[in-house]
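A.B. asks: As input, take my_file-v2.txt (compact mmCIF, N, CA and C atoms):
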```txt
# COMPACT_ATOMS: atom_id res chain seq x y z
N MET A 794 0.84 -1.18 0.00
CA MET A 794 0.00 0.00 0.00
C MET A 794 0.89 1.24 0.00
N LYS A 795 0.53 2.26 -0.76
CA LYS A 795 1.31 3.49 -0.86
C LYS A 795 0.62 4.63 -0.13
N CYS A 796 1.44 5.61 0.24
CA CYS A 796 0.95 6.81 0.90
C CYS A 796 0.08 7.61 -0.07
N ARG A 797 -0.96 8.25 0.45
CA ARG A 797 -1.83 9.04 -0.43
C ARG A 797 -1.21 10.37 -0.83
N TYR A 798 -0.13 10.80 -0.13
CA TYR A 798 0.50 12.08 -0.43
C TYR A 798 1.82 11.94 -1.19
N CYS A 799 2.44 10.77 -1.15
CA CYS A 799 3.71 10.57 -1.85
C CYS A 799 3.80 9.11 -2.31
N PRO A 800 4.81 8.77 -3.10
CA PRO A 800 4.90 7.39 -3.60
C PRO A 800 5.54 6.39 -2.64
N ARG A 801 5.78 6.76 -1.40
CA ARG A 801 6.41 5.84 -0.46
C ARG A 801 5.46 4.71 -0.07
N ARG A 802 6.08 3.58 0.22
CA ARG A 802 5.32 2.41 0.64
C ARG A 802 5.07 2.49 2.14
N LEU A 803 3.85 2.19 2.59
CA LEU A 803 3.50 2.21 4.01
C LEU A 803 3.88 0.87 4.62
N LYS A 804 4.70 0.92 5.67
CA LYS A 804 5.23 -0.31 6.26
C LYS A 804 4.51 -0.74 7.53
N THR A 805 4.06 0.22 8.33
CA THR A 805 3.42 -0.14 9.60
C THR A 805 1.91 -0.27 9.43
N LYS A 806 1.32 -1.06 10.31
CA LYS A 806 -0.13 -1.26 10.29
C LYS A 806 -0.85 0.06 10.57
N GLU A 807 -0.30 0.87 11.49
CA GLU A 807 -0.91 2.16 11.83
C GLU A 807 -0.94 3.09 10.62
N SER A 808 0.19 3.15 9.89
CA SER A 808 0.25 3.99 8.69
C SER A 808 -0.71 3.49 7.61
N GLN A 809 -0.82 2.20 7.45
CA GLN A 809 -1.72 1.64 6.45
C GLN A 809 -3.17 1.95 6.79
N ASP A 810 -3.51 1.91 8.09
CA ASP A 810 -4.88 2.23 8.51
C ASP A 810 -5.20 3.71 8.25
N ARG A 811 -4.21 4.59 8.47
CA ARG A 811 -4.42 6.03 8.23
C ARG A 811 -4.44 6.34 6.74
N GLY A 812 -3.60 5.66 5.97
CA GLY A 812 -3.50 5.94 4.54
C GLY A 812 -2.33 6.84 4.20
N TYR A 813 -1.55 7.26 5.20
CA TYR A 813 -0.36 8.08 4.99
C TYR A 813 0.65 7.78 6.09
N GLY A 814 1.90 8.07 5.80
CA GLY A 814 2.98 7.79 6.73
C GLY A 814 3.21 8.90 7.73
N LEU A 815 4.17 8.67 8.63
CA LEU A 815 4.49 9.62 9.68
C LEU A 815 5.04 10.92 9.11
N VAL A 816 5.93 10.85 8.14
CA VAL A 816 6.55 12.05 7.57
C VAL A 816 5.50 12.91 6.87
N CYS A 817 4.70 12.32 6.01
CA CYS A 817 3.67 13.08 5.29
C CYS A 817 2.60 13.59 6.25
N GLY A 818 2.27 12.81 7.28
CA GLY A 818 1.29 13.24 8.25
C GLY A 818 1.74 14.49 9.00
N ARG A 819 3.03 14.55 9.33
CA ARG A 819 3.56 15.74 10.01
C ARG A 819 3.64 16.92 9.05
N LYS A 820 4.02 16.68 7.80
CA LYS A 820 4.08 17.77 6.82
C LYS A 820 2.71 18.36 6.55
N GLN A 821 1.68 17.54 6.54
CA GLN A 821 0.33 18.00 6.26
C GLN A 821 -0.36 18.56 7.52
N GLY A 822 0.27 18.42 8.69
CA GLY A 822 -0.31 18.91 9.93
C GLY A 822 -1.34 17.95 10.52
N LEU A 823 -1.34 16.71 10.08
CA LEU A 823 -2.30 15.72 10.56
C LEU A 823 -1.80 14.99 11.80
N ILE A 824 -0.48 14.96 11.98
CA ILE A 824 0.15 14.32 13.13
C ILE A 824 0.95 15.40 13.84
N PRO A 825 0.74 15.60 15.14
CA PRO A 825 1.49 16.65 15.85
C PRO A 825 2.97 16.31 15.95
N PRO A 826 3.84 17.33 16.00
CA PRO A 826 5.27 17.06 16.14
C PRO A 826 5.56 16.47 17.51
N PRO A 827 6.68 15.77 17.64
CA PRO A 827 7.01 15.17 18.93
C PRO A 827 7.31 16.25 19.97
N THR A 828 6.99 15.96 21.22
CA THR A 828 7.27 16.91 22.29
C THR A 828 8.72 16.75 22.73
N PRO A 829 9.39 17.86 23.08
CA PRO A 829 10.78 17.75 23.51
C PRO A 829 10.87 17.03 24.86
N ARG A 830 11.95 16.28 25.04
CA ARG A 830 12.13 15.52 26.27
C ARG A 830 12.52 16.43 27.43
N HIS A 831 13.35 17.43 27.17
CA HIS A 831 13.83 18.31 28.23
C HIS A 831 13.46 19.75 27.87
N ALA A 832 12.53 20.30 28.63
CA ALA A 832 12.12 21.67 28.38
C ALA A 832 13.06 22.62 29.12
N ARG A 833 13.36 23.73 28.50
CA ARG A 833 14.22 24.73 29.13
C ARG A 833 13.41 25.54 30.14
N PRO A 834 14.06 26.01 31.22
CA PRO A 834 13.33 26.83 32.18
C PRO A 834 12.90 28.15 31.56
N THR A 835 11.74 28.62 31.95
CA THR A 835 11.21 29.85 31.37
C THR A 835 11.53 31.07 32.22
N THR A 836 11.92 30.89 33.48
CA THR A 836 12.22 32.01 34.35
C THR A 836 13.73 32.25 34.35
N PRO A 837 14.18 33.46 34.03
CA PRO A 837 15.62 33.71 34.03
C PRO A 837 16.18 33.73 35.45
N VAL A 838 17.40 33.24 35.59
CA VAL A 838 18.07 33.22 36.87
C VAL A 838 19.26 34.16 36.78
N THR A 839 19.38 35.07 37.77
CA THR A 839 20.49 36.02 37.77
C THR A 839 21.46 35.65 38.88
N ALA A 840 22.72 35.90 38.65
CA ALA A 840 23.76 35.58 39.63
C ALA A 840 23.70 36.57 40.79
N VAL A 841 23.90 36.07 41.99
CA VAL A 841 23.91 36.89 43.18
C VAL A 841 25.25 36.69 43.87
N THR A 842 25.96 37.76 44.13
CA THR A 842 27.23 37.64 44.84
C THR A 842 27.06 38.18 46.25
N THR A 843 27.52 37.43 47.21
CA THR A 843 27.46 37.81 48.61
C THR A 843 28.85 37.70 49.20
N PRO A 844 29.11 38.32 50.35
CA PRO A 844 30.45 38.27 50.94
C PRO A 844 30.91 36.86 51.30
N ASP A 845 29.99 35.94 51.62
CA ASP A 845 30.41 34.60 52.01
C ASP A 845 30.61 33.65 50.84
N VAL A 846 30.52 34.13 49.60
CA VAL A 846 30.73 33.31 48.41
C VAL A 846 32.14 33.57 47.89
N HIS A 847 32.82 32.51 47.52
CA HIS A 847 34.17 32.64 46.96
C HIS A 847 34.10 33.46 45.67
N PRO A 848 35.11 34.31 45.37
CA PRO A 848 35.07 35.17 44.18
C PRO A 848 34.92 34.41 42.86
N ASP A 849 35.40 33.16 42.81
CA ASP A 849 35.31 32.39 41.57
C ASP A 849 33.99 31.63 41.44
N GLN A 850 33.12 31.77 42.43
CA GLN A 850 31.84 31.07 42.39
C GLN A 850 30.71 32.08 42.46
N MET A 851 29.51 31.62 42.15
CA MET A 851 28.36 32.49 42.27
C MET A 851 27.24 31.74 42.99
N ALA A 852 26.41 32.47 43.70
CA ALA A 852 25.28 31.89 44.41
C ALA A 852 24.05 31.99 43.52
N ILE A 853 23.22 30.98 43.58
CA ILE A 853 21.98 30.99 42.81
C ILE A 853 20.84 31.24 43.79
N PRO A 854 20.01 32.23 43.54
CA PRO A 854 18.92 32.52 44.48
C PRO A 854 17.91 31.38 44.53
N ILE A 855 17.31 31.20 45.70
CA ILE A 855 16.34 30.13 45.88
C ILE A 855 15.04 30.48 45.17
N GLN A 856 14.60 31.72 45.28
CA GLN A 856 13.36 32.12 44.61
C GLN A 856 13.71 32.79 43.28
N PRO A 857 12.98 32.45 42.20
CA PRO A 857 13.28 33.07 40.91
C PRO A 857 12.89 34.55 40.91
N GLU A 858 13.59 35.29 40.10
CA GLU A 858 13.29 36.72 39.97
C GLU A 858 12.05 36.88 39.12
N LEU A 859 11.07 37.61 39.64
CA LEU A 859 9.84 37.81 38.89
C LEU A 859 10.02 38.93 37.88
N PRO A 860 9.38 38.84 36.72
CA PRO A 860 9.50 39.91 35.73
C PRO A 860 8.92 41.21 36.27
N LYS A 861 9.56 42.30 35.93
CA LYS A 861 9.09 43.61 36.37
C LYS A 861 7.92 44.06 35.49
N GLU A 862 7.06 44.87 36.09
CA GLU A 862 5.91 45.36 35.34
C GLU A 862 6.37 46.34 34.26
N PRO A 863 5.77 46.29 33.08
CA PRO A 863 6.18 47.22 32.02
C PRO A 863 5.82 48.66 32.37
N ILE A 864 6.67 49.57 31.95
CA ILE A 864 6.42 50.99 32.18
C ILE A 864 5.54 51.50 31.05
N LEU A 865 4.43 52.10 31.42
CA LEU A 865 3.49 52.58 30.40
C LEU A 865 3.71 54.04 30.11
```
Using structure tokens, write down the structure that the file contains.
C.D. replies:
Amino acid sequence: MKCRYCPRRLKTKESQDRGYGLVCGRKQGLIPPPTPRHARPTTPVTAVTTPDVHPDQMAIPIQPELPKEPIL
């Protein structure tokens, strides 16, 4: 059985039932893209230096810095 969008042969039972393969399904927007395994943090972390920290090291704050309100 061939894909309805390209001449490739459908190898899996799931693809044959759908009528198109994984690649064409993603290109056509019929199959969602895979989710990333490791998401990056969305809150920026700023370095904090204190007197009890060695000069070659930096302390990471326990609470994240909240975004400041925009100036209107």
A.B. asks: What lies within 12 Å of segment 797-809 of chain A using only C-alpha atoms, ignoring chain neighbours under 3 positions off, as a PyMOL selection string?
C.D. replies: chain A and resi 794+812-821+823-824
A.B. asks: Could you write out that same residue set with N, CA and C atoms as a tab-separated table (two decimals), keeping the file's coordinate frame?
C.D. replies:
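Printed below is part18.tsv as written:
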```
chain	number	residue	atom	x	y	z
A	794	MET	N	0.84	-1.18	0.00
A	794	MET	CA	0.00	0.00	0.00
A	794	MET	C	0.89	1.24	0.00
A	812	GLY	N	-3.60	5.66	5.97
A	812	GLY	CA	-3.50	5.94	4.54
A	812	GLY	C	-2.33	6.84	4.20
A	813	TYR	N	-1.55	7.26	5.20
A	813	TYR	CA	-0.36	8.08	4.99
A	813	TYR	C	0.65	7.78	6.09
A	814	GLY	N	1.90	8.07	5.80
A	814	GLY	CA	2.98	7.79	6.73
A	814	GLY	C	3.21	8.90	7.73
A	815	LEU	N	4.17	8.67	8.63
A	815	LEU	CA	4.49	9.62	9.68
A	815	LEU	C	5.04	10.92	9.11
A	816	VAL	N	5.93	10.85	8.14
A	816	VAL	CA	6.55	12.05	7.57
A	816	VAL	C	5.50	12.91	6.87
A	817	CYS	N	4.70	12.32	6.01
A	817	CYS	CA	3.67	13.08	5.29
A	817	CYS	C	2.60	13.59	6.25
A	818	GLY	N	2.27	12.81	7.28
A	818	GLY	CA	1.29	13.24	8.25
A	818	GLY	C	1.74	14.49	9.00
A	819	ARG	N	3.03	14.55	9.33
A	819	ARG	CA	3.56	15.74	10.01
A	819	ARG	C	3.64	16.92	9.05
A	820	LYS	N	4.02	16.68	7.80
A	820	LYS	CA	4.08	17.77	6.82
A	820	LYS	C	2.71	18.36	6.55
A	821	GLN	N	1.68	17.54	6.54
A	821	GLN	CA	0.33	18.00	6.26
A	821	GLN	C	-0.36	18.56	7.52
A	823	LEU	N	-1.34	16.71	10.08
A	823	LEU	CA	-2.30	15.72	10.56
A	823	LEU	C	-1.80	14.99	11.80
A	824	ILE	N	-0.48	14.96	11.98
A	824	ILE	CA	0.15	14.32	13.13
A	824	ILE	C	0.95	15.40	13.84
```
A.B. asks: Could you jot down the atom CA of Met851 of chain A to atom CA of Arg830 of chain A separation for me, Å, one decimal place?
C.D. replies: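 Computing it gives 28.4 Å between the two atoms.
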A.B. asks: Produce the centre coordinates and the three edge lengths, each in Å to one decimal, of the box along x, y and z that contains all listed atoms of segment 796-811 of chain A with 5 Å added on each side, as lines of an AutoDock Vina configuration file.
C.D. replies:
```
center_x = 0.6
center_y = 5.4
center_z = 4.1
size_x = 21.6
size_y = 23.3
size_z = 25.4
```
A.B. asks: What does the structure give for the distance between atom N of Pro837 of chain A and atom C of Gln850 of chain A, in Å to one decimal?
C.D. replies: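 Atom N of Pro837 of chain A sits 18.6 Å away from atom C of Gln850 of chain A.
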A.B. asks: Figure out the distance between atom C of Arg811 of chain A and atom C of Pro825 of chain A, please, to one decimal in Å.
C.D. replies: 15.5 Å
